[in-house]
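A.B. asks: Next comes protein-v1.txt, compact mmCIF, C-alpha atoms:
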```
# COMPACT_ATOMS: atom_id res chain seq x y z
CA MET H 16 -9.04 -16.78 11.65
CA PRO H 17 -7.40 -16.44 15.06
CA ARG H 18 -9.60 -15.12 17.83
CA PRO H 19 -8.71 -11.98 19.76
CA PRO H 20 -6.87 -12.56 23.03
CA THR H 21 -9.02 -13.82 25.89
CA GLY H 22 -8.45 -13.79 29.62
CA LYS H 23 -6.31 -16.93 29.35
CA ASN H 24 -3.83 -15.56 26.80
CA LEU H 25 -3.81 -11.79 27.27
CA GLY H 26 -0.03 -11.73 26.95
CA ALA H 27 -0.03 -13.49 23.56
CA PRO H 28 0.12 -11.24 20.51
CA CYS H 29 -2.94 -11.11 18.27
CA ARG H 30 -2.05 -12.09 14.70
CA PRO H 31 -5.18 -11.79 12.60
CA GLN H 32 -5.32 -12.90 9.01
CA GLN H 33 -7.82 -12.43 6.24
CA VAL H 34 -8.45 -15.22 3.73
CA MET H 35 -10.42 -14.64 0.55
CA SER H 36 -11.24 -17.19 -2.14
CA THR H 37 -12.42 -16.23 -5.58
CA CYS H 38 -14.02 -18.59 -8.08
CA SER H 39 -14.14 -17.69 -11.78
CA HIS H 40 -17.29 -19.27 -13.13
CA ASN H 41 -17.33 -17.08 -16.23
CA VAL H 42 -14.16 -18.56 -17.79
CA PRO H 43 -13.65 -22.00 -19.32
CA TYR H 44 -12.77 -24.53 -16.60
CA GLY H 45 -13.05 -21.81 -13.96
CA GLU H 46 -14.72 -24.32 -11.64
CA CYS H 47 -11.44 -26.27 -11.49
CA SER H 48 -9.61 -23.68 -9.41
CA ARG H 49 -9.98 -20.80 -7.03
CA ILE H 50 -7.69 -17.91 -6.27
CA GLU H 51 -6.79 -17.80 -2.60
CA ASP H 52 -5.59 -14.49 -1.21
CA ARG H 53 -4.22 -14.30 2.35
CA LEU H 54 -3.27 -11.19 4.28
CA HIS H 55 -1.29 -11.66 7.51
CA PHE H 56 -1.03 -8.87 10.08
CA THR H 57 1.69 -8.92 12.73
CA PRO H 58 2.82 -6.30 15.25
CA ASP H 59 5.90 -4.36 14.14
CA ALA H 60 7.37 -3.07 17.40
CA ALA H 61 10.47 -1.67 15.68
CA ARG H 62 8.38 0.74 13.61
CA GLY H 63 5.49 1.09 16.04
CA GLY H 64 2.85 -0.27 13.73
CA VAL H 65 1.61 -3.35 11.94
CA ALA H 66 3.42 -5.37 9.27
CA VAL H 67 1.28 -6.74 6.46
CA ALA H 68 2.28 -9.75 4.36
CA LYS H 69 0.34 -11.15 1.42
CA TRP H 70 0.25 -14.63 -0.11
CA ILE H 71 -1.73 -15.42 -3.22
CA GLY H 72 -2.02 -18.64 -5.13
CA LEU H 73 -4.11 -20.67 -7.47
CA VAL H 74 -5.63 -23.63 -5.62
CA TRP H 75 -6.74 -26.52 -7.79
CA VAL H 76 -10.00 -28.06 -6.57
CA LYS H 77 -10.61 -30.20 -9.64
CA SER H 78 -8.26 -31.56 -12.29
CA LEU H 79 -8.07 -29.96 -15.69
CA PRO H 80 -8.61 -32.22 -18.70
CA TRP H 81 -5.28 -33.94 -19.49
CA ALA H 82 -4.83 -31.95 -22.73
CA LEU H 83 -4.90 -28.69 -20.73
CA GLY H 84 -2.46 -29.85 -18.03
CA PRO H 85 0.41 -27.68 -19.36
CA ALA H 86 -1.81 -24.60 -19.00
CA ALA H 87 -1.85 -24.98 -15.19
CA GLY H 88 1.66 -23.55 -14.80
CA PHE H 89 0.83 -20.66 -17.11
CA LEU H 90 -2.32 -19.83 -15.13
CA GLU H 91 -0.46 -19.97 -11.80
CA LYS H 92 2.19 -17.59 -13.18
CA GLN H 93 -0.52 -15.19 -14.36
CA VAL H 94 -2.05 -15.11 -10.89
CA HIS H 95 1.33 -14.38 -9.26
CA ASP H 96 2.23 -11.71 -11.84
CA GLN H 97 -1.08 -9.93 -11.32
CA ALA H 98 -0.63 -10.07 -7.54
CA LYS H 99 2.85 -8.51 -7.80
CA GLU H 100 1.46 -5.78 -10.04
CA THR H 101 -1.31 -4.81 -7.63
CA TRP H 102 0.64 -5.19 -4.34
CA GLY H 103 2.34 -1.78 -4.68
CA LYS H 104 -1.02 -0.07 -5.18
CA PHE H 105 -2.41 -1.85 -2.12
CA GLN H 106 0.59 -0.82 -0.01
CA ALA H 107 0.20 2.80 -1.13
CA HIS H 108 -3.47 2.71 -0.17
CA LEU H 109 -2.70 1.30 3.29
CA ARG H 110 -0.02 3.96 3.89
CA ALA H 111 -2.43 6.72 2.84
CA CYS H 112 -5.09 5.39 5.22
CA ALA H 113 -2.57 5.18 8.09
CA SER H 114 -1.38 8.78 7.78
```
Rewrite the structure of this file - the entire thing - as structure tokens.
C.D. replies:
Amino acid sequence: MPRPPTGKNLGAPCRPQQVMSTCSHNVPYGECSRIEDRLHFTPDAARGGVAVAKWIGLVWVKSLPWALGPAAGFLEKQVHDQAKETWGKFQAHLRACAS
């Protein structure tokens, strides 16, 4: 995570990010992957606030057995679909907190 500006770079914008990783040990082969969720915050001078961007993905840390290889694409799609579904709720929550 980037550090806040110091005396050497006071003019540089601060662009913090939050990275979360989730392991699913309670599902078959859950130890093979983790869900990585990244939030990026950047100044939005045009609107006078902060812009928030989100990236989410399934990161493979261990190979699935060869017979389950085709399931990898399905699982990645499920992660992205769930992220799209919850993003609107998250945005609404942030807007409510900001007002």
A.B. asks: What does the distance from atom CA of Arg53 of chain H to atom CA of Pro31 of chain H come to in Å, to one decimal?
C.D. replies: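 Interatomic distance, atom CA of Arg53 of chain H to atom CA of Pro31 of chain H: 10.6 Å.
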A.B. asks: Report as a compact mmCIF listing (two decimals) with C-alpha atoms, in the frame of the given file all protein, DNA and RNA residues lying within 9 Å of Thr37 of chain H, evaluated on only C-alpha atoms, omitting residues in the same chain fewer than 5 positions from it.
C.D. replies:
```txt
# COMPACT_ATOMS: atom_id res chain seq x y z
CA SER H 48 -9.61 -23.68 -9.41
CA ARG H 49 -9.98 -20.80 -7.03
CA ILE H 50 -7.69 -17.91 -6.27
CA GLU H 51 -6.79 -17.80 -2.60
CA ASP H 52 -5.59 -14.49 -1.21
```
A.B. asks: Using Å and a single decimal, report how far atom CA of Leu54 of chain H sits from atom CA of Gln33 of chain H.
C.D. replies: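 For atom CA of Gln33 of chain H relative to atom CA of Leu54 of chain H, the distance reads 5.1 Å.
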A.B. asks: Pick from H:Gln93, H:Thr101, H:Ser78, H:Gln106: nearest to Ala66 of chain H, with all atoms listed in the file counted?
C.D. replies: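 Of the candidates, the smallest distance to Ala66 of chain H is held by H:Gln106.
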A.B. asks: So how many Å separate atom CA of Leu90 of chain H and atom CA of Gln32 of chain H, to one decimal?
C.D. replies: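 For atom CA of Leu90 of chain H relative to atom CA of Gln32 of chain H, the distance reads 25.3 Å.
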